[in-house]
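Asks: Can you read through this structure? Questions will come right after.
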Amino acid sequence: MAFASLSGASGAAYDVVSGVLTVPRSGVWHADLVVDTDDAASLSGALTLTLGEGASAWQGTFFRGGDVFGRIELRMVGGAGGLAKQLPGQSYRAATLGTLLEDILAGAGESLDVTVDADLKAQLLPAWTRIAGPASTQLLALLAPLPAVTWRVLQGGTIWVGEESWPDAPALDDVQILDKDARVGRWPLGVTTGYQLLPGQVFQGLQLQVVEHTITTDAIRTTIWFGS
Amino acid sequence: MNFDRIKSQVVAIVTQLTAKYDAFALYPAVVVAQNADGTLDLSPDDERLKPGPQHAQIRLGLPGASVTVKKGSRVLLGFEGGDLSKPIATLWDASSLDTLTITAGTVNLNASGDVAVTQTGNGQIKLISPNPGGIVLGDGSGDEAPIARVGDLVTGSGTGVLAGAVIINGVPSPLAPGTTLVATFLGEIGPGGATIAVAD
């Protein structure tokens with residue numbers, strides 16, 4: 001029984017033979033996967049990566065890949081994969097931050113998460129100039145004057161923007177810390193439900209910056225990176 | 001190994017990190033309109049910045065000065081402190097100016113300040129120059145003369161022919177009719193009207 005599966009628009013799910021899901025605290029998560037099928041057509045466009053028998057579902061988009069010796073090797077990215085899209089310039093006067101975020105993301109084919117703080121979205125900018133370029137660059141430029149604000153693609157594929165609140169990570173059963181690398185702030189964990197850990201959470205007093213899930217046919221192993 | 005793909009990814013990262021520095025550049029632009037509050041609507045030459053900001057503040061570099069500029073004037077568009085929420089217009093070409101307004105109590109025409117234009121409390125304009133005759137008017141041909149002020153003495157003279165006898169204290173004077181007289185007079189410039197009229 002596979003610990004992870006991948007499905008496309010058709011809904012047909014295929015076992016993930018191996019892979020790595022990397023979830024950063026800031027930016028777009030991505031997964032590099034080897035899938036037990038040669039049906040490349042069914043794994044294009046919108047994809048859903050499911051971990052732990054459906055306990056954790058990740059909505060993303062096919063980025064690059066193809067048939068390798070009868071299996072599909074691919075990279076999927078979180079959300080619609082549109083942040084590299086070139087957007088035109090635009091000038092605004094008396095616009096809210098929310099309007100600017102939604103315009104940029106709509107141009108990229110992405111969606112702003114509904115949990116983005118209303119007060120943050122309501123911030124009024126007397127003027128703003130979007131310089132033509134990648135949507136990600138326009139987004140970074142917009143958030144640059146707000147150093148406490150970060151952004152990332154969530155598990156559901158929408159984009160969250162806001163200040164970290166650092167909630168505690170859910171309690172996990174039978175967690176083993178397999179190693180500790182204090183130089184880079186990295187702990188590989190022995191836990192079967194590590195996919196519940198997300199960047200932006202606090203795990204055993206540590207602020208999680210990156211969470212990586214390594215998928216094999218018989219297990220999912222989680223590695224955390226922490227620190228400032 | 002696909003170096004082009006790797007290189008393009010590095011380029012993408014560098015582009016993102018350095019994008020902010022685009023906001024520190026000055027971009028040639030055309031004035032589309034000037035608003036009632038003095039701000040400008042601009043159309044940048046750079047396609048990346050089109051359609052261009054509205055209500056960009058003018059930064060003349062001269063406190064107290066304001067301008068009205070011609071539509072179509074060329075300016076440089078910038079962003080104060082690299083902040084894309086603060087578009088400004090600065091530096092003009094020579095043919096842009098319509099009106100220049102200077103709001104200042106005194107305009108010094110030399111470094112020491114003793115040659116100056118000052119607005120007095122009752123609204124008069126005062127031209128000050130320490131040298132006598134230091135303020136002149138002319139037509140640019142080199143024919144210039146100092147300005148006369150209220151109270152300045154003026155002298156003149158004229159000639160005439162005596163038409164009749166001159167009696168002084170009942171005694172006829174030796175001046176006979178037909179005698180040519182040369183007269184000189186002394187006066188001073190009066191306050192005149194509310195405006196200064198300069199004779200051609």
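Numbering starts fresh at 1 for the residues of each chain in the structure tokens, the chains themselves are lettered A, B, ... in the order given, and ligands are numbered from 1 as they appear.
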Can you work out which residues from chain B touch chain A at a cut-off of 7 Å (counting only C-alpha atoms) and hand them back as a PDB file with all heavy atoms, in the first residue's frame?

Replies:
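Output below, filename out-v4.pdb:
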ATOM      1  N   GLN B  16      14.466  38.769  -9.143  1.00  0.00           N
ATOM      2  CA  GLN B  16      13.566  39.034  -8.019  1.00  0.00           C
ATOM      3  C   GLN B  16      14.248  39.863  -6.949  1.00  0.00           C
ATOM      4  O   GLN B  16      13.677  40.796  -6.393  1.00  0.00           O
ATOM      5  CB  GLN B  16      13.096  37.718  -7.420  1.00  0.00           C
ATOM      6  CG  GLN B  16      11.935  37.088  -8.139  1.00  0.00           C
ATOM      7  CD  GLN B  16      11.200  36.095  -7.280  1.00  0.00           C
ATOM      8  OE1 GLN B  16      11.597  35.797  -6.171  1.00  0.00           O
ATOM      9  NE2 GLN B  16      10.111  35.573  -7.806  1.00  0.00           N
ATOM     10  N   ALA B  19      14.879  43.519  -8.154  1.00  0.00           N
ATOM     11  CA  ALA B  19      13.749  44.258  -8.729  1.00  0.00           C
ATOM     12  C   ALA B  19      13.526  45.575  -8.005  1.00  0.00           C
ATOM     13  O   ALA B  19      13.116  46.569  -8.592  1.00  0.00           O
ATOM     14  CB  ALA B  19      12.491  43.413  -8.681  1.00  0.00           C
ATOM     15  N   LYS B  20      13.797  45.576  -6.701  1.00  0.00           N
ATOM     16  CA  LYS B  20      13.565  46.801  -5.934  1.00  0.00           C
ATOM     17  C   LYS B  20      14.410  47.942  -6.473  1.00  0.00           C
ATOM     18  O   LYS B  20      14.031  49.096  -6.408  1.00  0.00           O
ATOM     19  CB  LYS B  20      13.881  46.542  -4.467  1.00  0.00           C
ATOM     20  CG  LYS B  20      13.731  47.776  -3.576  1.00  0.00           C
ATOM     21  CD  LYS B  20      13.939  47.428  -2.129  1.00  0.00           C
ATOM     22  CE  LYS B  20      13.978  48.679  -1.268  1.00  0.00           C
ATOM     23  NZ  LYS B  20      12.770  49.496  -1.409  1.00  0.00           N
ATOM     24  N   ARG B  48       7.471  49.117 -19.332  1.00  0.00           N
ATOM     25  CA  ARG B  48       7.238  48.392 -18.082  1.00  0.00           C
ATOM     26  C   ARG B  48       6.449  49.233 -17.093  1.00  0.00           C
ATOM     27  O   ARG B  48       5.852  48.704 -16.157  1.00  0.00           O
ATOM     28  CB  ARG B  48       8.566  47.981 -17.450  1.00  0.00           C
ATOM     29  CG  ARG B  48       9.392  46.998 -18.249  1.00  0.00           C
ATOM     30  CD  ARG B  48      10.700  46.710 -17.542  1.00  0.00           C
ATOM     31  NE  ARG B  48      11.474  47.932 -17.368  1.00  0.00           N
ATOM     32  CZ  ARG B  48      12.444  48.086 -16.470  1.00  0.00           C
ATOM     33  NH1 ARG B  48      12.739  47.104 -15.656  1.00  0.00           N
ATOM     34  NH2 ARG B  48      13.115  49.207 -16.390  1.00  0.00           N
ATOM     35  N   LEU B  49       6.466  50.536 -17.273  1.00  0.00           N
ATOM     36  CA  LEU B  49       5.832  51.415 -16.305  1.00  0.00           C
ATOM     37  C   LEU B  49       4.509  51.969 -16.797  1.00  0.00           C
ATOM     38  O   LEU B  49       3.846  52.698 -16.078  1.00  0.00           O
ATOM     39  CB  LEU B  49       6.769  52.579 -15.975  1.00  0.00           C
ATOM     40  CG  LEU B  49       8.006  52.189 -15.192  1.00  0.00           C
ATOM     41  CD1 LEU B  49       9.089  53.214 -15.371  1.00  0.00           C
ATOM     42  CD2 LEU B  49       7.684  52.031 -13.720  1.00  0.00           C
ATOM     43  N   LYS B  50       4.142  51.652 -18.029  1.00  0.00           N
ATOM     44  CA  LYS B  50       2.878  52.168 -18.546  1.00  0.00           C
ATOM     45  C   LYS B  50       1.722  51.492 -17.851  1.00  0.00           C
ATOM     46  O   LYS B  50       1.855  50.333 -17.425  1.00  0.00           O
ATOM     47  CB  LYS B  50       2.817  51.923 -20.047  1.00  0.00           C
ATOM     48  CG  LYS B  50       3.720  52.865 -20.835  1.00  0.00           C
ATOM     49  CD  LYS B  50       3.527  52.688 -22.328  1.00  0.00           C
ATOM     50  CE  LYS B  50       4.441  53.579 -23.134  1.00  0.00           C
ATOM     51  NZ  LYS B  50       4.193  55.013 -22.935  1.00  0.00           N
ATOM     52  N   PRO B  51       0.595  52.118 -17.635  1.00  0.00           N
ATOM     53  CA  PRO B  51       0.193  53.384 -18.225  1.00  0.00           C
ATOM     54  C   PRO B  51       0.740  54.616 -17.512  1.00  0.00           C
ATOM     55  O   PRO B  51       0.520  55.720 -17.969  1.00  0.00           O
ATOM     56  CB  PRO B  51      -1.336  53.339 -18.120  1.00  0.00           C
ATOM     57  CG  PRO B  51      -1.600  52.511 -16.940  1.00  0.00           C
ATOM     58  CD  PRO B  51      -0.527  51.476 -16.926  1.00  0.00           C
ATOM     59  N   GLY B  52       1.424  54.474 -16.431  1.00  0.00           N
ATOM     60  CA  GLY B  52       2.039  55.602 -15.764  1.00  0.00           C
ATOM     61  C   GLY B  52       1.225  56.107 -14.596  1.00  0.00           C
ATOM     62  O   GLY B  52       0.003  55.986 -14.580  1.00  0.00           O
ATOM     63  N   PRO B  53       1.902  56.654 -13.602  1.00  0.00           N
ATOM     64  CA  PRO B  53       1.203  57.106 -12.396  1.00  0.00           C
ATOM     65  C   PRO B  53       0.459  58.417 -12.615  1.00  0.00           C
ATOM     66  O   PRO B  53       0.825  59.232 -13.457  1.00  0.00           O
ATOM     67  CB  PRO B  53       2.348  57.298 -11.388  1.00  0.00           C
ATOM     68  CG  PRO B  53       3.544  57.589 -12.227  1.00  0.00           C
ATOM     69  CD  PRO B  53       3.358  56.844 -13.514  1.00  0.00           C
ATOM     70  N   LEU B  84       7.442  52.587  -4.358  1.00  0.00           N
ATOM     71  CA  LEU B  84       6.548  52.635  -5.511  1.00  0.00           C
ATOM     72  C   LEU B  84       5.220  53.295  -5.198  1.00  0.00           C
ATOM     73  O   LEU B  84       4.423  53.534  -6.103  1.00  0.00           O
ATOM     74  CB  LEU B  84       6.328  51.224  -6.056  1.00  0.00           C
ATOM     75  CG  LEU B  84       7.584  50.575  -6.653  1.00  0.00           C
ATOM     76  CD1 LEU B  84       7.336  49.118  -6.955  1.00  0.00           C
ATOM     77  CD2 LEU B  84       8.011  51.299  -7.921  1.00  0.00           C
ATOM     78  N   SER B  85       4.973  53.598  -3.938  1.00  0.00           N
ATOM     79  CA  SER B  85       3.750  54.324  -3.591  1.00  0.00           C
ATOM     80  C   SER B  85       3.962  55.832  -3.639  1.00  0.00           C
ATOM     81  O   SER B  85       3.022  56.589  -3.378  1.00  0.00           O
ATOM     82  CB  SER B  85       3.266  53.921  -2.195  1.00  0.00           C
ATOM     83  OG  SER B  85       4.144  54.428  -1.193  1.00  0.00           O
ATOM     84  N   LYS B  86       5.163  56.299  -3.974  1.00  0.00           N
ATOM     85  CA  LYS B  86       5.478  57.723  -3.953  1.00  0.00           C
ATOM     86  C   LYS B  86       6.122  58.161  -5.260  1.00  0.00           C
ATOM     87  O   LYS B  86       7.319  58.452  -5.311  1.00  0.00           O
ATOM     88  CB  LYS B  86       6.394  58.039  -2.774  1.00  0.00           C
ATOM     89  CG  LYS B  86       5.750  57.763  -1.422  1.00  0.00           C
ATOM     90  CD  LYS B  86       6.726  57.979  -0.282  1.00  0.00           C
ATOM     91  CE  LYS B  86       6.063  57.653   1.050  1.00  0.00           C
ATOM     92  NZ  LYS B  86       7.024  57.735   2.167  1.00  0.00           N
TER      93      LYS B  86
END

Asks: From a DSSP pass on the backbone, collect the residues of region 97-176 of chain A flagged as strand (DSSP E or B) and hand them back as JSON, numbers by chain.

Replies: {"A": [112, 124, 125, 126, 127, 128, 129, 130, 133, 134, 149, 150, 151, 152, 153, 159, 160, 161, 162, 163, 168, 176]}

Asks: Counting only C-alpha atoms, what is within 7 Å of Thr150 (chain A), bar same-chain residues fewer than 6 positions away, as an MDAnalysis selection string?

Replies: chainID A and resid 26 161:163

Asks: Keeping only all heavy atoms, take the residues you just selected and write them out as a compact mmCIF listing (two decimals), in the first residue's frame.

Replies:
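Writing done, so here's part09.txt:
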# COMPACT_ATOMS: atom_id res chain seq x y z
N SER A 26 8.19 30.69 3.28
CA SER A 26 7.94 31.79 2.37
C SER A 26 8.12 31.30 0.96
O SER A 26 9.18 30.78 0.62
CB SER A 26 8.91 32.95 2.66
OG SER A 26 8.70 34.01 1.76
N VAL A 161 -1.00 35.67 2.79
CA VAL A 161 -0.11 36.80 3.04
C VAL A 161 -0.40 37.29 4.44
O VAL A 161 -1.57 37.46 4.81
CB VAL A 161 -0.36 37.94 2.03
CG1 VAL A 161 0.54 39.14 2.33
CG2 VAL A 161 -0.12 37.45 0.61
N GLY A 162 0.65 37.50 5.24
CA GLY A 162 0.39 38.01 6.57
C GLY A 162 1.60 37.91 7.48
O GLY A 162 2.70 37.53 7.04
N GLU A 163 1.39 38.29 8.71
CA GLU A 163 2.43 38.18 9.73
C GLU A 163 2.28 36.85 10.45
O GLU A 163 1.16 36.41 10.74
CB GLU A 163 2.32 39.33 10.73
CG GLU A 163 2.58 40.70 10.12
CD GLU A 163 2.62 41.82 11.15
OE1 GLU A 163 3.00 41.54 12.30
OE2 GLU A 163 2.28 42.96 10.80

Asks: Counting only C-alpha atoms, what is within 9 Å of Phe79 (chain B), bar same-chain residues fewer than 3 positions away, as a short mmCIF file (atom, residue, chain, number, x, y, z; two decimals) with C-alpha atoms, in the first residue's frame?

Replies:
data_model
loop_
_atom_site.label_atom_id
_atom_site.label_comp_id
_atom_site.auth_asym_id
_atom_site.auth_seq_id
_atom_site.Cartn_x
_atom_site.Cartn_y
_atom_site.Cartn_z
CA ALA B 23 12.46 51.68 -8.27
CA PHE B 24 15.55 53.80 -7.64
CA ALA B 25 16.02 54.64 -11.30
CA LEU B 26 14.73 57.77 -13.03
CA GLY B 82 12.50 53.67 -4.04
CA ASP B 83 8.95 53.52 -2.69
CA LEU B 84 6.55 52.64 -5.51
CA SER B 85 3.75 54.32 -3.59
CA LYS B 86 5.48 57.72 -3.95
CA PRO B 87 5.90 58.68 -7.61
CA ILE B 88 7.58 62.04 -8.21
CA ALA B 89 8.42 64.16 -11.24
#

Asks: Which neighbours of region 137-153 of chain B fall inside 7 Å, counting only C-alpha atoms, when residues of the same chain fewer than 5 positions from it are skipped, and could you give them as a ChimeraX atom specification?

Replies: /B:187-191

Asks: What does the distance from CA of Ile215 (chain A) to CA of Phe3 (chain A) come to in Å, to one decimal?

Replies: 7.3 Å

Asks: Here is a test: counting only C-alpha atoms, which residue of A:Leu206, A:Leu143, A:Met76, A:Leu101 is nearest to Trp225 (chain A)?

Replies: A:Leu206

Asks: Restricting the calculation to only C-alpha atoms, which member of A:Ala182, A:Ala46, A:Val149, A:Val114 is positioned closest to Gly79 (chain A)?

Replies: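 Nearest to Gly79 (chain A): A:Ala46.
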
Asks: Using only C-alpha atoms, find the one residue out of B:Gly105, B:Ile168, B:Val136, B:Tyr27 that sits nearest to Gly123 (chain B).

Replies: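 Ranked by minimum distance to Gly123 (chain B), first place goes to B:Gly105.
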